[in-house]
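Novice: Take a look at this one; I'll ask things after.
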Amino acid sequence: MGSGTTGDHGSDQMWSVQVTVMPKPGINDPQGEAIRGGLRSLDHAGVVSVRAGKSLRLMVAGESREAVEREAALMCDRLLANPVIETYEIHVEPVGDGEGSG
Amino acid sequence: MIAIVTFPGSNGDADALHAVRDDLGAPARLVDYRATDLSGFDAVILPGGFSYGDALRCGAIARFAPVIEPIRAFAARGGPVLGICNGFQILTEAHLLPGALRRNATLRFHCRWVHVRVESATTAWTDTVEAGTVLRLPVAHGDGSFVAGADVLAEIEANGQVVVRYCEPDGTVSAASNPNGSAGAIAGVANRAGNVVGLMPHPERAVDPLLGGEDGRMILRGVLERTHVAS
């Protein structure tokens with residue numbers, strides 16, 4: 001595990017962090033509306049709403065799931081999401097051979 | 001001396017320099033985004049463009065450029081700061097101005113002339129203009145839809161922080177005259193103190209009849225006259 005990694009986080013587990021950023025409820029989402037229009041024109045008449053956000057996948061070295069989740073939340077608050085217009089969700093999964101020591 | 005900040009991806013910096021220095025005759029120069037010292041400057045303009053290719057969100061990355069910290073300090077001391085278009089987006093991302101700017105409701109990039117009504121004539125950049133004055137200015141943006149929470153909108157309206165609103169040529173605000181679906185047809189806002197202003201329209205591209213209009217001078221003039229005397 002972790003052989004050949006560079007210094008600092010050499011002994012830490014790698015985690016895949018999936019960050020989903022969505023427009024806040026109530027915020028107009030013209031892109032989602034346009035996509036909904038496209039789906040309806042393909043006869044997917046049951047689609048009543050589409051909201052378009054963005055998804056980011058980060059690989060993060062960290063000692064525990066909790067520590068990585070905390071750090072990812074900080075990243076979202078500081079940069080990845082704009083709290084005026086967006087909400088975010090974070091999903092952290094271990095990479096490789098299970099949860100390790102975390 | 002007026003500082004005009006060039007970020008990677010700025011494209012309105014030369015226009016702003018031309019307007020301020022060559023057209024209005026005030027001393028001005030371009031300042032690199034890596035600058036850490038703004039002492040000696042009397043006003044700062046953040047120009048339009050697509051800093052960092054609009055990665056993540058417009059202005060989200062530029063907000064971490066080294067020059068932002070001295071701008072923050074300059075603004076805190078009451079120094080006049082004007083963000084134009086992308087500069088406006090950067091100032092909201094840096095929390096120097098309220099709200100945020102999202103994709104135009106039409107999903108189209110709007111590059112055309114609009115009319116805006118001056119709502120607040122007490123900011124550093126509009127205090128030589130009478131409230132109610134209608135200006136004809138160009139816009140050029142894809143992400144100019146002003147958004148803020150209901151509480152913030154109520155607050156900035158009550159505090160006179162709405163600087164300009166999209167309107168018809170006669171000053172009437174209508175859905176048709178709001179090109180991007182901005183809340184309250186807001187085209188520009190100020191901070192509480194009125195020294196930091198963000199505008200989606202481009203006053204620096206309307207300083208000469210040759211450009212199709214010169215109403216932009218009314219926005220740039222006031223602060224330039226003051227700082228010109230000061231420097």
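Each chain in the structure tokens gets a letter, A, B, ..., in the order shown, and its residues are numbered from 1; ligands are numbered from 1 in order too.
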With a cut-off of 9 Å and counting only C-alpha atoms, select all residues of chain A in contact with chain B and give the selection as number ranges by chain.
Specialist: A: 27-31, 34, 54, 79-82, 84-85
Novice: Can you list every residue in segment 4-223 of chain B that DSSP puts in helix (DSSP H, G or I), as an NGL selection string?
Specialist: :B and (13-23 or 51-54 or 62-64 or 68-76 or 86-93 or 150-158 or 183-185 or 203-205 or 209-211 or 216-223)
Novice: Env of Asp170 of chain B: 12 Å cut, atoms = only C-alpha atoms, seq-sep filter 4 positions within chain, self excluded. Answer as a ChimeraX atom specification.
Specialist: /B:114-117,132-136,166,174,177
Novice: Please produce an output containing N, CA and C atoms for each residue in the selection, written as an mmCIF file, in the first residue's frame.
Specialist:
data_model
loop_
_atom_site.group_PDB
_atom_site.id
_atom_site.type_symbol
_atom_site.label_atom_id
_atom_site.label_comp_id
_atom_site.auth_asym_id
_atom_site.auth_seq_id
_atom_site.Cartn_x
_atom_site.Cartn_y
_atom_site.Cartn_z
ATOM 1 N N VAL B 114 -27.372 48.262 -24.223
ATOM 2 C CA VAL B 114 -28.548 48.230 -23.355
ATOM 3 C C VAL B 114 -28.694 49.607 -22.702
ATOM 4 N N HIS B 115 -29.835 49.802 -22.083
ATOM 5 C CA HIS B 115 -30.031 50.999 -21.278
ATOM 6 C C HIS B 115 -30.080 50.602 -19.805
ATOM 7 N N VAL B 116 -29.459 51.415 -18.990
ATOM 8 C CA VAL B 116 -29.542 51.194 -17.539
ATOM 9 C C VAL B 116 -29.898 52.511 -16.854
ATOM 10 N N ARG B 117 -30.644 52.386 -15.783
ATOM 11 C CA ARG B 117 -31.056 53.559 -15.014
ATOM 12 C C ARG B 117 -30.213 53.629 -13.750
ATOM 13 N N GLY B 132 -31.720 58.327 -11.489
ATOM 14 C CA GLY B 132 -32.769 58.338 -12.503
ATOM 15 C C GLY B 132 -32.230 58.552 -13.907
ATOM 16 N N THR B 133 -30.969 58.967 -14.006
ATOM 17 C CA THR B 133 -30.360 59.153 -15.331
ATOM 18 C C THR B 133 -30.311 57.820 -16.074
ATOM 19 N N VAL B 134 -30.697 57.831 -17.334
ATOM 20 C CA VAL B 134 -30.623 56.611 -18.152
ATOM 21 C C VAL B 134 -29.350 56.669 -18.986
ATOM 22 N N LEU B 135 -28.535 55.622 -18.870
ATOM 23 C CA LEU B 135 -27.291 55.529 -19.629
ATOM 24 C C LEU B 135 -27.433 54.435 -20.688
ATOM 25 N N ARG B 136 -26.808 54.677 -21.829
ATOM 26 C CA ARG B 136 -26.768 53.660 -22.883
ATOM 27 C C ARG B 136 -25.350 53.103 -22.917
ATOM 28 N N TYR B 166 -31.293 47.478 -15.482
ATOM 29 C CA TYR B 166 -31.639 47.443 -16.895
ATOM 30 C C TYR B 166 -33.010 48.081 -17.092
ATOM 31 N N SER B 174 -38.588 46.786 -17.494
ATOM 32 C CA SER B 174 -39.516 45.788 -18.037
ATOM 33 C C SER B 174 -38.778 44.473 -18.209
ATOM 34 N N SER B 177 -36.493 44.495 -21.167
ATOM 35 C CA SER B 177 -35.250 45.274 -21.100
ATOM 36 C C SER B 177 -34.215 44.632 -20.178
#
Novice: Among chain B, which ones does DSSP assign to strand (DSSP E or B) (computed from the backbone)? Answer as a ChimeraX atom specification.
Specialist: /B:2-6,10,28-32,43-46,49,81-84,100-102,110-118,134-141,145-147,162-167,186-190,196-199,208,213
Novice: Using Å and a single decimal, report how far atom CA of Cys58 of chain B sits from atom CA of Arg78 of chain A.
Specialist: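 Distance reported for this atom pair: 14.8 Å.
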Novice: When you look at Phe109 of chain B with a cut-off of 10 Å (counting only C-alpha atoms), what residues show up, excluding the ones that are within fewer than 3 positions of it in the same chain? I need them as a PyMOL selection string.
Specialist: chain B and resi 103-104+106+112+139-144+179-180
Novice: How many Å lie between atom CA of Asn11 of chain B and atom CA of Arg217 of chain B, rounded to one decimal?
Specialist: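 Calculated distance between atom CA of Asn11 of chain B and atom CA of Arg217 of chain B is 19.6 Å.
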